Amino acid sequence: MPAIIPILCAVALAILTGWLGGCRDAAAVKLADRLYALKLDYPPGAAEWERALPRVVTVRGGRPHKLTSFAEIDDDTVHVTTASCHHGSRLPDPIKVDMRAFYTDRDLYLRLTWKDATPDRALMEWLSDGTRWRNTGSQEDGFGLMWDPSGQFPQFNCSYACHIQDFGVSRSSFHASNKMRLAKEGTWLDLWNWKADRTARYGFADDRYLDHEGMKGDLPGELFSPNSRQGQAVAPGVQPFEETDQPLYDGDRQPAGASVPPPGSRAPGYLVERPAGGRADVLAAAEHRGGEWRVVLRRALDTGDRRDVRFIPGEPHGVAFGLAVMDHTLFEHYASAATERLVLLNKVQEAGLVDLNAE
């Protein structure tokens with residue numbers, strides 16, 4: 001049997017006793033308060049993931065995409081600009097994300113699983129009716145992971161990066177929008193964005209960072225551009241995907257000519273460049289099955305990039321992170337509010353757990 005099994009049994013016992021540490025007089029820390037990664041000598045497979053230690057991270061405040069209409073939130077619902085990024089006049093049920101982790105000598109593996117009855121894999125997709133292309137206005141699912149590598153923020157969660165901009169009140173009129181950015185210069189967070197259409201095409205999560213100016217790619221430049229003739233226009237007021245617009249490329253990635261393909265033909269709403277360099281550090285394998293999304297991320301423990309979080313086995317406090325889930329939207333996301341941490345248990349810590357199990 002793999003060596004992982006006695007370790008996991010010991011960890012299960014530790015959960016029951018409520019202690020983590022290499023000896024009896026170690027500091028008391030409840031396992032349930034952390035996401036713990038155990039060491040493997042090989043990449044995890046299905047059997048390892050089933051035995052892994054789950055950490056359920058609850059995210060709240062988004063707008064759900066359901067098979068039936070959601071009467072509680074109408075089309076005119078105003079964005080409630082709170083630090084936790086809640087949206088809507090009545091908040092929907094939270095989403096519970098099952099997170100599990102392993103690591104090897106080289107790589108970290110993270111698996112995220114959450115329920116979603118409507119897999120949304122196409123952003124602003126084009127559909128042909130046989131006479132013209134029409135844009136469906138479709139959206140995509142996704143999530144973002146923010147990491148606080150140097151512990152700059154006590155009790156870290158997503159609220160540190162959510163700030164109101166363009167706030168204004170004039171008599172009965174009110175306007176405001178939220179922007180993901182940090183309040184102070186010189187601070188930054190590592191950011192991984194997985195998108196069910198755009199990044200899933202090439203099996204990655206976009207590796208970015210967040211500073212006081214907003215989101216930036218680890219490698220500068222834009223990977224995503226609208227597949228839109230009007231999107232290339234420079235005329236003022238012209239917007240992509242409007243009624244008179246047409247795609248640049250068809251579903252076979254060939255230039256869309258004057259003729260329109262048969263009814264039901266589809267073309268992507270966005271063109272995606274294959275990532276390179278630091279933008280391609282986070283690999284992602286995703287599937288939707290049985291009403292659930294399941295995404296496995298893989299990234300080197302240390303990429304050598306100064307804008308990337310380093311994962312250090314044995315570091316007792318680990319790395320704080322925040323999680324946001326997008327359901328058929330680019331903006332109205334669900335966000336975690338609790339302080340979450342990932343801790344990589346080293347061999348000494350694992351040995352202590354085995355010794356505890358033997359007593």
# chains A, B, ... in the order shown; residues from 1 in each chain; ligands from 1
$ closest_atom_pairs --of "stretch 223-273 of chain A" --to "stretch 196-202 of chain A" --cutoff "12 Å" --atoms "only C-alpha atoms" --output "JSON lines"
{"residue": "A:Leu223", "atom": "CA", "partner": "A:Arg198", "partner_atom": "CA", "distance": 9.0}
{"residue": "A:Phe224", "atom": "CA", "partner": "A:Arg198", "partner_atom": "CA", "distance": 7.5}
{"residue": "A:Ser225", "atom": "CA", "partner": "A:Arg198", "partner_atom": "CA", "distance": 10.1}
{"residue": "A:Pro226", "atom": "CA", "partner": "A:Arg198", "partner_atom": "CA", "distance": 11.1}
{"residue": "A:Pro268", "atom": "CA", "partner": "A:Asp197", "partner_atom": "CA", "distance": 9.1}
{"residue": "A:Gly269", "atom": "CA", "partner": "A:Arg198", "partner_atom": "CA", "distance": 9.6}
{"residue": "A:Tyr270", "atom": "CA", "partner": "A:Arg198", "partner_atom": "CA", "distance": 7.4}
{"residue": "A:Leu271", "atom": "CA", "partner": "A:Arg198", "partner_atom": "CA", "distance": 8.0}
{"residue": "A:Val272", "atom": "CA", "partner": "A:Arg198", "partner_atom": "CA", "distance": 6.4}
{"residue": "A:Glu273", "atom": "CA", "partner": "A:Tyr202", "partner_atom": "CA", "distance": 8.9}
$ write_last_selection --atoms "N, CA and C atoms" --output "JSON list (two decimals), in the first residue's frame"
[["chain", "number", "residue", "atom", "x", "y", "z"],
["A", 223, "LEU", "N", -3.68, 38.34, -23.20],
["A", 223, "LEU", "CA", -3.87, 37.02, -23.81],
["A", 223, "LEU", "C", -5.21, 36.89, -24.51],
["A", 224, "PHE", "N", -6.18, 37.74, -24.16],
["A", 224, "PHE", "CA", -7.55, 37.58, -24.63],
["A", 224, "PHE", "C", -7.98, 38.81, -25.41],
["A", 225, "SER", "N", -8.54, 38.59, -26.58],
["A", 225, "SER", "CA", -9.05, 39.71, -27.39],
["A", 225, "SER", "C", -10.39, 39.31, -27.99],
["A", 226, "PRO", "N", -11.33, 40.25, -28.15],
["A", 226, "PRO", "CA", -12.65, 39.91, -28.68],
["A", 226, "PRO", "C", -12.58, 39.46, -30.13],
["A", 268, "PRO", "N", -16.03, 31.23, -31.41],
["A", 268, "PRO", "CA", -15.71, 31.75, -30.07],
["A", 268, "PRO", "C", -15.90, 33.25, -29.99],
["A", 269, "GLY", "N", -16.27, 33.71, -28.81],
["A", 269, "GLY", "CA", -16.41, 35.14, -28.60],
["A", 269, "GLY", "C", -15.08, 35.83, -28.37],
["A", 270, "TYR", "N", -14.09, 35.05, -27.89],
["A", 270, "TYR", "CA", -12.78, 35.63, -27.62],
["A", 270, "TYR", "C", -11.69, 34.78, -28.25],
["A", 271, "LEU", "N", -10.66, 35.44, -28.74],
["A", 271, "LEU", "CA", -9.46, 34.79, -29.23],
["A", 271, "LEU", "C", -8.47, 34.72, -28.08],
["A", 272, "VAL", "N", -7.77, 33.59, -27.98],
["A", 272, "VAL", "CA", -6.87, 33.35, -26.86],
["A", 272, "VAL", "C", -5.48, 33.01, -27.38],
["A", 273, "GLU", "N", -4.47, 33.68, -26.87],
["A", 273, "GLU", "CA", -3.10, 33.34, -27.19],
["A", 273, "GLU", "C", -2.59, 32.32, -26.17]]
$ closest_atom_pairs --of "stretch 164-278 of chain A" --to "stretch 307-317 of chain A" --cutoff "12 Å" --atoms "only C-alpha atoms" --output "tab-separated table"
residue	atom	partner	partner_atom	distance
A:Thr187	CA	A:Arg307	CA	10.8
A:Trp188	CA	A:Arg307	CA	8.0
A:Leu189	CA	A:Arg307	CA	7.9
A:Asp190	CA	A:Asp308	CA	5.7
A:Leu191	CA	A:Asp308	CA	8.5
A:Trp192	CA	A:Asp308	CA	9.9
A:Asp207	CA	A:Asp308	CA	8.4
A:Arg208	CA	A:Arg307	CA	8.2
A:Tyr209	CA	A:Arg307	CA	6.7
A:Leu210	CA	A:Arg307	CA	9.4
A:Asp211	CA	A:Arg307	CA	10.5
A:Lys216	CA	A:Arg307	CA	10.4
A:Gly217	CA	A:Arg307	CA	9.8
A:Asp218	CA	A:Arg307	CA	7.0
A:Leu219	CA	A:Arg307	CA	10.3
A:Gly278	CA	A:Asp308	CA	8.9
$ residues_around --residues "A:Pro261" --least-positions-apart "6" --cutoff "10 Å" --atoms "only C-alpha atoms" --output "MDAnalysis selection string"
chainID A and resid 127:133 250:251
$ write_last_selection --atoms "N, CA and C atoms" --output "PDB file, in the first residue's frame"
ATOM      1  N   LEU A 127     -23.276  32.544 -32.739  1.00  0.00           N
ATOM      2  CA  LEU A 127     -24.119  31.462 -33.255  1.00  0.00           C
ATOM      3  C   LEU A 127     -24.678  31.891 -34.609  1.00  0.00           C
ATOM      4  N   SER A 128     -24.564  30.986 -35.593  1.00  0.00           N
ATOM      5  CA  SER A 128     -25.076  31.288 -36.936  1.00  0.00           C
ATOM      6  C   SER A 128     -26.508  30.783 -37.069  1.00  0.00           C
ATOM      7  N   ASP A 129     -27.370  31.621 -37.687  1.00  0.00           N
ATOM      8  CA  ASP A 129     -28.737  31.169 -38.001  1.00  0.00           C
ATOM      9  C   ASP A 129     -28.875  30.819 -39.485  1.00  0.00           C
ATOM     10  N   GLY A 130     -27.757  30.781 -40.180  1.00  0.00           N
ATOM     11  CA  GLY A 130     -27.755  30.449 -41.606  1.00  0.00           C
ATOM     12  C   GLY A 130     -27.715  31.662 -42.507  1.00  0.00           C
ATOM     13  N   THR A 131     -28.107  32.815 -41.973  1.00  0.00           N
ATOM     14  CA  THR A 131     -28.077  34.047 -42.764  1.00  0.00           C
ATOM     15  C   THR A 131     -27.119  35.076 -42.171  1.00  0.00           C
ATOM     16  N   ARG A 132     -26.898  34.990 -40.867  1.00  0.00           N
ATOM     17  CA  ARG A 132     -25.966  35.923 -40.223  1.00  0.00           C
ATOM     18  C   ARG A 132     -25.496  35.356 -38.886  1.00  0.00           C
ATOM     19  N   TRP A 133     -24.411  35.917 -38.411  1.00  0.00           N
ATOM     20  CA  TRP A 133     -23.918  35.592 -37.084  1.00  0.00           C
ATOM     21  C   TRP A 133     -24.621  36.477 -36.049  1.00  0.00           C
ATOM     22  N   ASP A 250     -14.064  31.927 -37.555  1.00  0.00           N
ATOM     23  CA  ASP A 250     -15.160  30.995 -37.330  1.00  0.00           C
ATOM     24  C   ASP A 250     -14.759  29.931 -36.320  1.00  0.00           C
ATOM     25  N   GLY A 251     -15.608  28.920 -36.168  1.00  0.00           N
ATOM     26  CA  GLY A 251     -15.348  27.882 -35.186  1.00  0.00           C
ATOM     27  C   GLY A 251     -14.163  26.998 -35.507  1.00  0.00           C
TER      28      GLY A 251
END
$ atom_distance --atom1 "atom CA of A:Asp116" --atom2 "atom CA of A:Leu38"
27.9 Å
$ select_by_dssp --residues "stretch 101-325 of chain A" --states "helix (DSSP H, G or I)" --output "MDAnalysis selection string"
chainID A and resid 158:161 200:202 230:232 277:280
$ write_last_selection --atoms "N, CA and C atoms" --output "tab-separated table (two decimals), in the first residue's frame"
chain	number	residue	atom	x	y	z
A	158	CYS	N	-10.48	38.11	1.01
A	158	CYS	CA	-10.65	38.81	-0.26
A	158	CYS	C	-10.94	40.30	-0.11
A	159	SER	N	-11.45	40.72	1.05
A	159	SER	CA	-11.86	42.10	1.20
A	159	SER	C	-10.69	43.08	1.07
A	160	TYR	N	-9.46	42.61	1.30
A	160	TYR	CA	-8.31	43.51	1.18
A	160	TYR	C	-8.12	44.01	-0.25
A	161	ALA	N	-8.65	43.28	-1.22
A	161	ALA	CA	-8.42	43.64	-2.61
A	161	ALA	C	-9.64	44.24	-3.28
A	200	ALA	N	-9.21	27.56	-19.99
A	200	ALA	CA	-9.40	26.11	-20.10
A	200	ALA	C	-9.04	25.60	-21.49
A	201	ARG	N	-9.10	26.44	-22.50
A	201	ARG	CA	-8.76	25.99	-23.85
A	201	ARG	C	-7.33	25.44	-23.93
A	202	TYR	N	-6.43	26.05	-23.19
A	202	TYR	CA	-5.03	25.63	-23.22
A	202	TYR	C	-4.57	25.03	-21.91
A	230	GLN	N	-16.05	44.75	-34.88
A	230	GLN	CA	-16.21	46.05	-34.23
A	230	GLN	C	-15.22	46.22	-33.08
A	231	GLY	N	-14.77	45.11	-32.52
A	231	GLY	CA	-13.77	45.19	-31.47
A	231	GLY	C	-12.44	45.73	-31.97
A	232	GLN	N	-12.20	45.62	-33.27
A	232	GLN	CA	-10.98	46.14	-33.87
A	232	GLN	C	-11.14	47.58	-34.32
A	277	GLY	N	6.09	31.81	-20.68
A	277	GLY	CA	6.84	32.36	-19.56
A	277	GLY	C	6.08	32.31	-18.26
A	278	GLY	N	6.19	33.38	-17.47
A	278	GLY	CA	5.55	33.41	-16.16
A	278	GLY	C	4.05	33.38	-16.21
A	279	ARG	N	3.45	33.66	-17.36
A	279	ARG	CA	2.00	33.64	-17.48
A	279	ARG	C	1.49	32.20	-17.52
A	280	ALA	N	2.37	31.23	-17.78
A	280	ALA	CA	1.96	29.83	-17.97
A	280	ALA	C	2.38	28.94	-16.81
$ atom_distance --atom1 "atom CA of A:Gly186" --atom2 "atom CA of A:Leu145"
20.2 Å
$ closest_residue --among "A:Lys347, A:Arg229, A:Arg253, A:His333" --to "A:Gly61" --atoms "only C-alpha atoms"
A:His333
$ residues_around --residues "A:Ala320" --least-positions-apart "5" --cutoff "6 Å" --atoms "only C-alpha atoms" --output "number ranges by chain"
A: 147-148, 340-341
$ atom_distance --atom1 "atom CA of A:Met215" --atom2 "atom CA of A:Gly144"
11.7 Å
$ select_by_dssp --residues "stretch 264-314 of chain A" --states "strand (DSSP E or B)" --output "PyMOL selection string"
chain A and resi 266-267+270-272+282-289+292-300
$ residues_around --residues "A:Glu287" --least-positions-apart "5" --cutoff "10 Å" --atoms "only C-alpha atoms" --output "list of chain:residue names"
A:Thr113, A:Pro119, A:Ala196, A:Ala200, A:Glu292, A:Trp293, A:Arg294, A:Val295, A:Val296
